[in-house]
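Structure file data_19.txt (compact mmCIF, C-alpha atoms) is printed below.
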```txt
# COMPACT_ATOMS: atom_id res chain seq x y z
CA MET A 13 51.57 47.70 75.60
CA LYS A 14 51.90 45.82 78.87
CA TRP A 15 55.68 45.22 78.83
CA PRO A 16 56.72 48.93 78.51
CA HIS A 17 54.11 49.88 81.11
CA GLU A 18 55.53 47.42 83.65
CA ASN A 19 59.13 48.38 82.89
CA GLU A 20 58.98 52.17 82.88
CA ASP A 21 62.05 52.43 85.13
CA LYS A 22 64.16 50.07 83.02
CA ALA A 23 67.28 51.83 81.69
CA SER A 24 67.11 49.96 78.39
CA LEU A 25 63.38 50.45 77.82
CA LYS A 26 63.93 52.49 74.65
CA MET A 27 66.03 49.64 73.28
CA ASP A 28 63.28 47.17 74.23
CA ILE A 29 60.74 49.21 72.28
CA ARG A 30 63.06 49.35 69.28
CA ILE A 31 63.47 45.56 69.40
CA LEU A 32 59.73 45.02 69.71
CA ARG A 33 59.15 47.18 66.66
CA TRP A 34 61.54 44.95 64.73
CA PHE A 35 59.60 41.85 65.84
CA ASP A 36 56.37 43.52 64.78
CA LYS A 37 56.90 42.73 61.09
CA TYR A 38 56.95 39.01 61.93
CA LEU A 39 54.56 38.78 64.86
CA SER A 40 51.97 41.50 64.23
CA GLY A 41 48.55 39.87 64.27
CA VAL A 42 49.93 36.50 65.41
CA VAL A 43 48.03 35.00 68.33
CA LEU A 44 50.31 34.41 71.32
CA SER A 45 49.43 30.72 71.49
CA CYS A 46 50.58 30.34 67.86
CA ILE A 47 54.10 31.56 68.60
CA ASP A 48 55.99 28.28 68.74
CA GLN A 49 59.63 27.23 68.67
CA ALA A 50 59.69 26.79 64.89
CA LEU A 51 58.44 30.33 64.26
CA ILE A 52 60.90 31.76 66.78
CA GLN A 53 63.85 29.94 65.22
CA ASN A 54 62.85 31.17 61.76
CA ILE A 55 62.77 34.76 63.02
CA ALA A 56 66.06 34.23 64.88
CA GLN A 57 67.83 33.14 61.70
CA LYS A 58 66.57 36.22 59.87
CA LYS A 59 67.95 38.48 62.59
CA LYS A 60 71.26 36.67 62.61
CA GLN A 61 71.58 37.20 58.86
CA GLU A 62 71.08 40.94 59.42
CA THR A 63 73.61 41.40 62.21
CA SER A 64 75.51 38.96 64.45
CA ALA A 65 74.72 36.06 66.75
CA SER A 66 75.29 38.16 69.87
CA THR A 67 72.93 40.90 68.67
CA ALA A 68 70.34 38.30 67.67
CA ASN A 69 70.62 36.84 71.18
CA ARG A 70 69.70 40.20 72.72
CA TYR A 71 66.53 40.23 70.63
CA LEU A 72 65.73 36.63 71.51
CA ALA A 73 66.37 37.19 75.21
CA LEU A 74 63.77 39.97 75.28
CA LEU A 75 61.25 37.83 73.41
CA ARG A 76 61.87 34.97 75.84
CA ALA A 77 61.36 37.25 78.85
CA ILE A 78 58.07 38.56 77.50
CA LEU A 79 56.75 35.10 76.61
CA ARG A 80 57.65 33.79 80.06
CA ARG A 81 55.87 36.68 81.73
CA ALA A 82 52.87 36.15 79.46
CA ALA A 83 52.71 32.54 80.62
CA TYR A 84 53.66 32.62 84.28
CA GLU A 85 52.57 36.09 85.45
CA TRP A 86 49.95 37.40 83.05
CA GLU A 87 48.55 33.88 82.42
CA TRP A 88 47.76 34.70 78.80
CA ILE A 89 49.18 31.40 77.53
CA ASP A 90 49.51 27.98 79.14
CA LYS A 91 53.22 27.55 78.50
CA ALA A 92 56.06 29.69 77.16
CA PRO A 93 57.75 28.20 74.09
CA LYS A 94 61.45 27.44 74.38
CA VAL A 95 63.65 30.19 72.93
CA ARG A 96 67.09 28.89 72.02
CA LEU A 97 69.92 31.41 71.91
CA PHE A 98 72.81 31.10 69.49
CA ARG A 99 75.99 29.65 70.88
CA ILE A 100 78.67 32.33 71.13
CA SER A 101 82.29 31.26 71.04
CA ASN A 102 84.62 32.92 73.51
CA LYS A 103 86.79 35.31 71.57
CA ARG A 104 90.06 36.87 72.52
CA ILE A 105 89.87 40.19 74.31
CA ARG A 106 90.79 42.90 71.80
CA TRP A 107 93.19 45.44 73.27
CA ILE A 108 96.06 47.54 71.98
CA THR A 109 99.53 48.42 73.19
CA HIS A 110 100.66 51.87 74.32
CA GLU A 111 102.34 52.47 70.97
CA GLU A 112 99.22 51.44 69.04
CA ALA A 113 97.13 53.73 71.24
CA LYS A 114 99.44 56.64 70.46
CA ALA A 115 99.07 55.97 66.73
CA LEU A 116 95.29 55.90 67.03
CA LEU A 117 95.16 59.09 69.07
CA ARG A 118 97.35 60.92 66.56
CA ALA A 119 94.95 59.98 63.76
CA LEU A 120 91.74 61.05 65.54
CA PRO A 121 90.17 64.50 65.20
CA GLU A 122 90.51 66.60 68.34
CA HIS A 123 87.04 66.03 69.82
CA GLN A 124 87.27 62.25 69.42
CA ARG A 125 90.87 62.24 70.63
CA ASN A 126 89.76 63.87 73.88
CA MET A 127 86.99 61.31 74.32
CA ALA A 128 89.31 58.39 73.54
CA LEU A 129 91.92 59.70 75.97
CA PHE A 130 89.27 59.97 78.68
CA ALA A 131 88.03 56.44 77.95
CA LEU A 132 91.56 55.04 78.17
CA ALA A 133 92.10 56.89 81.46
CA THR A 134 88.82 55.90 83.14
CA GLY A 135 87.52 52.77 81.38
CA LEU A 136 84.08 54.35 81.04
CA ARG A 137 81.73 52.94 78.42
CA GLN A 138 80.94 54.83 75.24
CA ARG A 139 77.54 56.01 76.39
CA ASN A 140 78.89 57.27 79.71
CA VAL A 141 81.64 59.26 78.00
CA CYS A 142 79.31 60.73 75.38
CA ARG A 143 76.68 61.84 77.87
CA LEU A 144 78.96 62.93 80.68
CA GLU A 145 77.87 66.22 82.21
CA TRP A 146 79.82 68.73 84.28
CA SER A 147 77.43 68.12 87.15
CA GLN A 148 78.94 64.62 87.39
CA ILE A 149 82.47 65.85 87.98
CA ASP A 150 84.01 66.96 91.26
CA LEU A 151 87.43 68.44 90.57
CA GLU A 152 88.19 69.05 94.25
CA ARG A 153 87.92 65.34 95.01
CA GLU A 154 89.13 64.43 91.51
CA VAL A 155 86.27 62.05 90.86
CA THR A 156 83.40 61.59 88.42
CA TRP A 157 80.36 59.40 88.90
CA ILE A 158 77.85 57.53 86.80
CA HIS A 159 74.26 57.49 88.05
CA PRO A 160 72.50 54.11 88.50
CA ASP A 161 70.21 54.69 85.52
CA GLN A 162 73.28 55.34 83.36
CA ALA A 163 75.20 52.25 84.46
CA LYS A 164 74.92 48.84 82.82
CA ALA A 165 74.76 47.10 86.20
CA LYS A 166 72.18 49.66 87.43
CA LYS A 167 74.47 50.71 90.28
CA ALA A 168 76.17 54.06 90.77
CA ILE A 169 79.86 54.11 89.87
CA ALA A 170 82.44 56.45 91.36
CA VAL A 171 85.45 56.83 89.09
CA PRO A 172 88.66 58.47 90.33
CA LEU A 173 90.19 60.86 87.82
CA ASN A 174 93.87 60.20 87.23
CA GLN A 175 96.24 62.78 85.76
CA GLY A 176 95.41 61.74 82.21
CA ALA A 177 91.68 62.20 82.77
CA LEU A 178 92.20 65.52 84.55
CA SER A 179 94.31 66.83 81.68
CA VAL A 180 91.48 66.09 79.26
CA ILE A 181 88.93 67.70 81.58
CA ASN A 182 91.01 70.86 81.87
CA SER A 183 91.39 71.10 78.09
CA VAL A 184 87.60 71.17 77.50
CA MET A 185 86.64 73.07 80.64
CA SER A 186 85.06 76.13 79.02
CA VAL A 187 83.70 74.62 75.80
CA HIS A 188 80.13 73.76 76.86
CA LYS A 189 78.02 74.59 79.94
CA ILE A 190 76.36 71.19 80.32
CA PHE A 191 78.21 68.46 78.46
CA VAL A 192 81.88 67.66 78.87
CA PHE A 193 82.45 66.39 75.33
CA THR A 194 80.98 68.18 72.35
CA TYR A 195 81.49 68.78 68.65
CA LYS A 196 80.66 72.16 67.12
CA GLY A 197 78.66 73.14 70.19
CA ASN A 198 76.58 69.95 70.36
CA PRO A 199 76.92 66.81 72.50
CA VAL A 200 78.39 63.78 70.74
CA TRP A 201 75.94 60.88 70.55
CA GLN A 202 77.79 58.66 68.07
CA VAL A 203 81.48 57.79 67.98
CA ASN A 204 81.48 55.03 65.35
CA THR A 205 81.82 57.61 62.60
CA LYS A 206 83.70 57.85 59.34
CA ALA A 207 86.41 59.80 61.17
CA TRP A 208 86.79 57.01 63.76
CA ARG A 209 87.01 54.28 61.11
CA LYS A 210 89.51 56.33 59.13
CA ALA A 211 91.70 56.81 62.21
CA VAL A 212 91.58 53.09 63.07
CA LYS A 213 92.72 52.27 59.54
CA ALA A 214 95.42 54.94 59.60
CA ALA A 215 96.77 53.51 62.86
CA GLY A 216 97.05 50.09 61.25
CA LEU A 217 94.50 48.50 63.58
CA LYS A 218 92.12 45.73 62.57
CA ASN A 219 88.80 44.76 64.15
CA PHE A 220 89.08 47.53 66.72
CA ARG A 221 85.85 49.03 68.07
CA TRP A 222 85.32 51.96 70.42
CA HIS A 223 84.34 49.52 73.19
CA ASP A 224 87.80 47.96 72.84
CA LEU A 225 89.17 51.10 74.49
CA ARG A 226 87.56 49.79 77.68
CA HIS A 227 89.13 46.38 77.10
CA THR A 228 92.47 48.13 76.60
CA TRP A 229 92.09 50.13 79.82
CA ALA A 230 91.33 46.93 81.78
CA SER A 231 94.19 45.03 80.12
CA TRP A 232 96.66 47.79 80.98
CA HIS A 233 95.47 47.72 84.60
CA ILE A 234 95.94 43.95 84.92
CA GLN A 235 99.39 44.13 83.33
CA ALA A 236 100.34 46.89 85.78
CA GLY A 237 99.35 44.69 88.73
CA THR A 238 95.95 46.11 89.68
CA PRO A 239 94.13 43.43 91.75
CA MET A 240 91.02 41.99 90.09
CA ASN A 241 88.71 43.01 92.93
CA VAL A 242 89.93 46.62 92.61
CA LEU A 243 89.52 46.55 88.84
CA GLN A 244 86.00 45.18 89.26
CA GLU A 245 85.06 48.17 91.39
CA LEU A 246 86.80 50.67 89.11
CA GLY A 247 85.03 49.28 86.05
CA GLY A 248 81.62 48.93 87.68
CA TRP A 249 81.33 45.23 86.83
CA GLU A 250 78.62 43.39 88.73
CA SER A 251 80.51 40.11 88.75
CA VAL A 252 84.19 39.29 89.19
CA GLU A 253 83.75 36.76 86.38
CA MET A 254 83.62 39.66 83.94
CA VAL A 255 87.05 40.74 85.16
CA ARG A 256 88.53 37.25 84.92
CA ARG A 257 88.53 37.66 81.14
CA TYR A 258 91.69 39.70 81.60
CA ALA A 259 93.37 37.44 84.16
CA HIS A 260 95.52 35.67 81.57
CA LEU A 261 97.39 38.94 80.99
CA ASP A 262 98.92 38.81 84.47
CA ALA A 263 101.03 35.85 85.57
CA GLN A 264 103.24 37.68 88.07
CA HIS A 265 101.46 36.14 91.07
CA LEU A 266 102.24 32.68 89.64
CA ALA A 267 105.94 33.29 89.01
CA THR A 268 107.18 32.05 92.40
CA HIS A 269 105.09 28.88 92.11
CA ALA A 270 106.48 28.19 88.64
CA GLU A 271 109.86 27.58 90.28
CA ASN A 272 108.49 24.62 92.26
CA VAL A 273 109.44 22.14 89.53
CA PRO A 274 113.06 21.17 88.73
CA ALA A 275 114.79 23.55 86.30
CA PHE A 276 116.01 20.86 83.88
CA GLY A 277 116.85 23.46 81.26
CA THR A 278 119.60 25.03 83.36
CA PRO A 279 123.24 24.15 82.56
CA GLU A 280 123.74 22.66 86.04
CA LEU A 281 120.91 20.15 85.82
CA MET A 282 121.64 19.35 82.18
CA THR A 283 125.20 18.44 83.25
CA GLU A 284 123.79 16.05 85.85
CA VAL A 285 121.47 14.51 83.24
CA ASN A 286 124.31 13.98 80.78
CA GLU A 287 126.57 12.47 83.44
CA ALA A 288 123.95 10.05 84.70
```

With the file now loaded, output its structure as structure tokens.
Amino acid sequence: MKWPHENEDKASLKMDIRILRWFDKYLSGVVLSCIDQALIQNIAQKKKQETSASTANRYLALLRAILRRAAYEWEWIDKAPKVRLFRISNKRIRWITHEEAKALLRALPEHQRNMALFALATGLRQRNVCRLEWSQIDLEREVTWIHPDQAKAKKAIAVPLNQGALSVINSVMSVHKIFVFTYKGNPVWQVNTKAWRKAVKAAGLKNFRWHDLRHTWASWHIQAGTPMNVLQELGGWESVEMVRRYAHLDAQHLATHAENVPAFGTPELMTEVNEA
């Protein structure tokens, strides 16, 4: 297939192939020129019924990219049909307090507790925590790094290890020769398990996913006064706009400006108002 061949170095190529296999049941044997907007929208609705609008959009975005390349680079079709993505409403960032985090950690089995602690200390994504190897950790400099092909933004990330992260590292130091986090001698590839869901429920949390640990880490940073440009670098975000999602959690830099209007609620000014 031409797309996988031209994108051999793409980090998400395996995901692309998985998505294309899903499309196969609807598009196998269909001539490219017969793929129109109506057919695409019908397929899009079917995918949305299976999962969510955001997941459906990932599938549609890949289809759109392939159709555009087929039209404007490969010249297999005269024009690429329009692929409309579903509108996604901006939702609140899901994060938890320190006390809620403690409740969750107490309910997790040891191997997942270590991984969750490390995620809360570093902000690393699920995949990066699961597949972290000892070769990526430098204890002398107290830093770990994510290679470009492992990072969402395709750029290497250097992550300083704070005391919380170092404590976790020291506790699993001699468990496995290659991988940092393991379960019964094997690397952990999946964290959304029955044990995770049970712990979330036991902690009294609702609608809390593993990825929300990263949201929590970023929210704690903003509330503690970490500048957005620093947080962007720590989290490996390509754009500062991704970090602005957390800006509403910090209003300290606005406090002095808030005093620029008259304080009519104070007893002194209220006395003047009543006497006028």

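Computed from the coordinates, the CA of Trp88 (chain A) to CA of Ala50 (chain A) distance equals 20.0 Å.
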
What lies within 12 Å of Leu225 (chain A) using only C-alpha atoms, ignoring chain neighbours under 3 positions off, as a VMD selection string?
chain A and resid 105 to 110 112 to 113 116 to 117 125 127 to 138 141 212 220 to 222 228 to 232

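Minimum distance to Lys60 (chain A) across A:Lys218, A:Arg99, A:Arg226, A:Lys14 (counting only C-alpha atoms) occurs at A:Arg99.
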
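Across the structure, CA of Val155 (chain A) and CA of Pro172 (chain A) are spaced 4.3 Å apart.
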
Residues near Met240 (chain A), anyone? I mean within 7 Å using all atoms listed in the file, not counting same-chain ones fewer than 3 positions away, as a PDB file with C-alpha atoms, keeping the file's coordinate frame.
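Result saved to around16.pdb:
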```pdb
ATOM      1  CA  LEU A 243      89.520  46.550  88.840  1.00  0.00           C
ATOM      2  CA  GLN A 244      86.000  45.180  89.260  1.00  0.00           C
ATOM      3  CA  VAL A 255      87.050  40.740  85.160  1.00  0.00           C
TER       4      VAL A 255
END
```

Residue nearest Gln162 (chain A) - candidates A:Ala119, A:Leu32, A:Ala23, A:Cys46, atoms counted: all atoms listed in the file:
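Between A:Ala119, A:Leu32, A:Ala23, A:Cys46, the residue approaching Gln162 (chain A) most closely is A:Ala23.
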
Excluding Lys166 (chain A) and its own-chain neighbours fewer than 2 positions away, which residues fall within 12 Å of it when counting all atoms listed in the file? Please give them as a compact mmCIF listing (two decimals) with C-alpha atoms, keeping the file's coordinate frame.
```
# COMPACT_ATOMS: atom_id res chain seq x y z
CA ASP A 21 62.05 52.43 85.13
CA LYS A 22 64.16 50.07 83.02
CA ALA A 23 67.28 51.83 81.69
CA SER A 24 67.11 49.96 78.39
CA ILE A 158 77.85 57.53 86.80
CA HIS A 159 74.26 57.49 88.05
CA PRO A 160 72.50 54.11 88.50
CA ASP A 161 70.21 54.69 85.52
CA GLN A 162 73.28 55.34 83.36
CA ALA A 163 75.20 52.25 84.46
CA LYS A 164 74.92 48.84 82.82
CA ALA A 168 76.17 54.06 90.77
CA ILE A 169 79.86 54.11 89.87
CA GLY A 248 81.62 48.93 87.68
CA TRP A 249 81.33 45.23 86.83
CA GLU A 250 78.62 43.39 88.73
```

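Of the listed residues (A:Asn198, A:Thr67, A:Asn19, A:Thr238), A:Thr238 comes nearest to Leu261 (chain A); the distances count all atoms listed in the file.
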
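The space separating CA of Tyr38 (chain A) from CA of Tyr71 (chain A) comes to 13.0 Å.
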
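Compared by their closest atoms to Ala115 (chain A), and using only C-alpha atoms, the residues A:Ile52, A:Ala177, A:Ala215, A:Ile234 rank with A:Ala215 nearest.
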
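Restricting the calculation to only C-alpha atoms, the smallest distance between Gln57 (chain A) and any of A:Asp28, A:Val43, A:Arg96, A:Ser183 is found for A:Arg96.
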
Could you give me, as an mmCIF file with C-alpha atoms, in the frame of the given file, the residues that sit within 10 Å of (61.2, 48.3, 74.2) in the file's coordinates, counting only C-alpha atoms?
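And here's part-v7.cif as it stands now:
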```
data_model
loop_
_atom_site.group_PDB
_atom_site.id
_atom_site.type_symbol
_atom_site.label_atom_id
_atom_site.label_comp_id
_atom_site.auth_asym_id
_atom_site.auth_seq_id
_atom_site.Cartn_x
_atom_site.Cartn_y
_atom_site.Cartn_z
ATOM 1 C CA MET A 13 51.570 47.700 75.600
ATOM 2 C CA TRP A 15 55.680 45.220 78.830
ATOM 3 C CA PRO A 16 56.720 48.930 78.510
ATOM 4 C CA ASN A 19 59.130 48.380 82.890
ATOM 5 C CA GLU A 20 58.980 52.170 82.880
ATOM 6 C CA LYS A 22 64.160 50.070 83.020
ATOM 7 C CA SER A 24 67.110 49.960 78.390
ATOM 8 C CA LEU A 25 63.380 50.450 77.820
ATOM 9 C CA LYS A 26 63.930 52.490 74.650
ATOM 10 C CA MET A 27 66.030 49.640 73.280
ATOM 11 C CA ASP A 28 63.280 47.170 74.230
ATOM 12 C CA ILE A 29 60.740 49.210 72.280
ATOM 13 C CA ARG A 30 63.060 49.350 69.280
ATOM 14 C CA ILE A 31 63.470 45.560 69.400
ATOM 15 C CA LEU A 32 59.730 45.020 69.710
ATOM 16 C CA ARG A 33 59.150 47.180 66.660
ATOM 17 C CA LEU A 74 63.770 39.970 75.280
#
```

Using all atoms listed in the file, which residue out of A:Cys142, A:Leu79, A:Glu18, A:Lys114 lies closest to Ala214 (chain A)?
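Looking at the shortest contact to Ala214 (chain A), the residue is A:Lys114.
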
With 10 Å as the threshold, what does the neighbourhood of (63.5, 31.6, 73.6) contain in terms of residues, counting all atoms listed in the file? Coordinates are those of the file; answer as a PyMOL selection string.
chain A and resi 48-49+52-53+56+69+71-80+92-97

Can you tell me which residues surround Leu120 (chain A) at a distance of at most 8 Å, considering all atoms listed in the file, apart from same-chain residues fewer than 6 positions away, and format the answer as a VMD selection string?
chain A and resid 207 to 208 211
